[in-house]
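Enquirer: Before we start, here is the structure in question, set down as structure tokens.
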Amino acid sequence: MSKEIMLREVEAQDLPFFFEQQMDPDATRMAAFPSRERNAFMAHWLKIMKDPSGVLRTILYEEQVAGNIVSWVQEGEHEVGYWLGKEYWGKGIATSALSQFLKIVMDRPLFAHVARHNTASQRVLEKCRFIPFISVKPTTITGVEDTDEIVLRLDIID
Ligand SMILES: CC(C)(COP(=O)(O)OP(=O)(O)OC[C@H]1O[C@@H](n2cnc3c(N)ncnc32)[C@H](O)[C@@H]1OP(=O)(O)O)[C@@H](O)C(=O)NCCC(=O)NCCS
């Protein structure tokens with residue numbers, strides 16, 4: 001399986017795939033994260049691609065752009081996030097991608113903010129040895145007001 005799932009640097013040609021993936025209503029519900037319209041989305045990605053504190057990778061599955069995984073610094077804390085196109089869900093891709101990413105990003109502690117109902121993402125993190133740090137708090141996810149989130153934390157470096 002892991003041979004089929006690879007990370008590489010993000011290229012400009014990946015952005016239209018990421019854009020479509022974050023437009024999916026099932027995905028935005030799952031992540032409790034609103035989609036961005038095209039201009040805002042492209043502006044956001046062009047900005048984060050210039051941020052030296054960020055680590056951005058494209059997730060490839062059988063050489064197709066399955067999604068992205070990113071790390072950034074927010075209020076002094078290192079954060080991780082990821083997003084897959086719906087057709088790639090349920091194949092172990094996120095778990096493998098995160099486990100590969102944790103060998104690239106060695107900052108610890110590393111935090112992840114997850115909507116309380118997003119059990120898939122919580123499982124991905126737990127399988128990579130993140131532990132719940134704050135079990136439920138009002139969300140800090142931009143643009144979302146009615147969802148609690150769980151904060152998970154990783155201290156281990158493999
Ligand atoms: C969350 C997401 C990354 C999971 O990716 P994935 O590749 O399908 O996850 P995996 O296949 O590695 O599965 C990991 C675990 O989650 C479970 N899982 C997958 N989809 C699930 C679902 N819809 N509901 C409940 N559990 C689910 C799997 O069974 C597996 O657990 P197990 O090993 O105990 O069986 C993907 O659904 C996604 O991109 N969603 C939209 C964006 C998002 O939510 N991003 C994360 C924001 S914090």
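Chain labels follow the order of the structure tokens: the first chain is A, the next B, and so on; residue numbering restarts at 1 in every chain, and ligands are counted from 1 in their shown order.
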What residues of the protein or nucleic acid chains come within 7 Å of ligand 1 when you use only C-alpha atoms and all ligand atoms? Reply as a PyMOL selection string.

Expert: chain A and resi 27-28+30-31+81-86+88-96+112-115+118-121+123-124

Enquirer: Please provide the set of residues having any atom within 6 Å of range 131-137 of chain A, restricted to only C-alpha atoms, with same-chain residues fewer than 6 positions apart removed, written as an MDAnalysis selection string.

Expert: chainID A and resid 148:153

Enquirer: Deliver the residues from the most recent selection as a file, using C-alpha atoms, as a PDB file, in the first residue's frame.

Expert:
ATOM      1  CA  ASP A 148     -16.893  22.045  19.005  1.00  0.00           C
ATOM      2  CA  GLU A 149     -13.417  20.819  18.244  1.00  0.00           C
ATOM      3  CA  ILE A 150     -10.949  18.419  19.771  1.00  0.00           C
ATOM      4  CA  VAL A 151      -7.279  19.324  19.940  1.00  0.00           C
ATOM      5  CA  LEU A 152      -4.838  16.429  19.624  1.00  0.00           C
ATOM      6  CA  ARG A 153      -1.135  16.598  20.243  1.00  0.00           C
TER       7      ARG A 153
END

Enquirer: For a quick check of understanding, using only C-alpha atoms, which of A:Met6, A:Leu15, A:Ile156, A:Ala66 has the smallest distance to Trp45 in chain A?

Expert: A:Leu15

Enquirer: Could you list, as number ranges by chain, every residue within 12 Å of Leu56 in chain A, counting only C-alpha atoms and ignoring same-chain residues fewer than 2 positions away?

Expert: A: 7-12, 14-15, 45-54, 58-59, 67-72, 79-83, 97-98, 101, 104-105

Enquirer: Can you tell me, as a ChimeraX atom specification, which residues in chain A count as helix (DSSP H, G or I) by DSSP?

Expert: /A:12-23,25-31,38-50,86-88,93-101,119-127

Enquirer: List every residue of range 6-154 of chain A that DSSP, applied to the backbone of this structure, assigns to strand (DSSP E), and report them as a ChimeraX atom specification.

Expert: /A:6-9,55-61,64-74,77-84,110-115,131-138,148-154

Enquirer: Choose the residue, out of A:Ala32, A:Leu102, A:Leu154, A:Leu110, that has the smallest atom-to-atom separation from Gln74 in chain A; count only C-alpha atoms.

Expert: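 Among A:Ala32, A:Leu102, A:Leu154, A:Leu110, it is A:Leu110 that comes nearest to Gln74 in chain A.
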
Enquirer: With only C-alpha atoms as the basis for distance, which of A:Lys103, A:Glu4, A:Val55, A:Val65 is at the shortest distance from Phe19 in chain A?

Expert: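 For Phe19 in chain A, the nearest of the candidates is A:Val65.
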
Enquirer: Please provide the set of residues having any atom within 6 Å of Met23 in chain A, restricted to only C-alpha atoms, with same-chain residues fewer than 2 positions apart removed, written as a list in words.

Expert: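 Near neighbours after the sequence-gap exclusion: Glu20, Gln21 and Ser35 of chain A.
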
Enquirer: I need the residues from that last selection saved to file as a compact mmCIF listing (two decimals), in the first residue's frame (with all heavy atoms), if you can.

Expert:
# COMPACT_ATOMS: atom_id res chain seq x y z
N GLU A 20 -11.00 21.81 -6.14
CA GLU A 20 -12.20 20.97 -6.30
C GLU A 20 -12.43 20.12 -5.06
O GLU A 20 -13.56 19.93 -4.62
CB GLU A 20 -12.07 20.06 -7.54
CG GLU A 20 -12.08 20.80 -8.86
CD GLU A 20 -13.35 21.64 -9.10
OE1 GLU A 20 -14.42 21.29 -8.56
OE2 GLU A 20 -13.25 22.66 -9.82
N GLN A 21 -11.35 19.61 -4.47
CA GLN A 21 -11.49 18.74 -3.30
C GLN A 21 -12.09 19.49 -2.11
O GLN A 21 -12.88 18.92 -1.35
CB GLN A 21 -10.12 18.12 -2.97
CG GLN A 21 -9.70 17.11 -4.04
CD GLN A 21 -8.23 16.75 -4.01
OE1 GLN A 21 -7.42 17.36 -3.30
NE2 GLN A 21 -7.85 15.75 -4.82
N SER A 35 -15.72 25.96 2.45
CA SER A 35 -14.90 26.03 1.23
C SER A 35 -14.62 27.50 0.91
O SER A 35 -15.34 28.39 1.34
CB SER A 35 -15.62 25.35 0.08
OG SER A 35 -16.88 25.94 -0.10

Enquirer: When you draw a straight line from CA of Phe41 in chain A to CA of Met106 in chain A, how long is it in Å?

Expert: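 Atom-to-atom, CA of Phe41 in chain A and CA of Met106 in chain A are spaced 27.5 Å apart.
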
Enquirer: What separation in Å, quoted to one decimal, exists between CA of Pro34 in chain A and CA of Gln22 in chain A?

Expert: 8.3 Å

Enquirer: Can you tell me how far CA of Thr147 in chain A sits from CA of Arg116 in chain A, in Å to one decimal?

Expert: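 So the two atoms, CA of Thr147 in chain A and CA of Arg116 in chain A, lie 7.2 Å apart.
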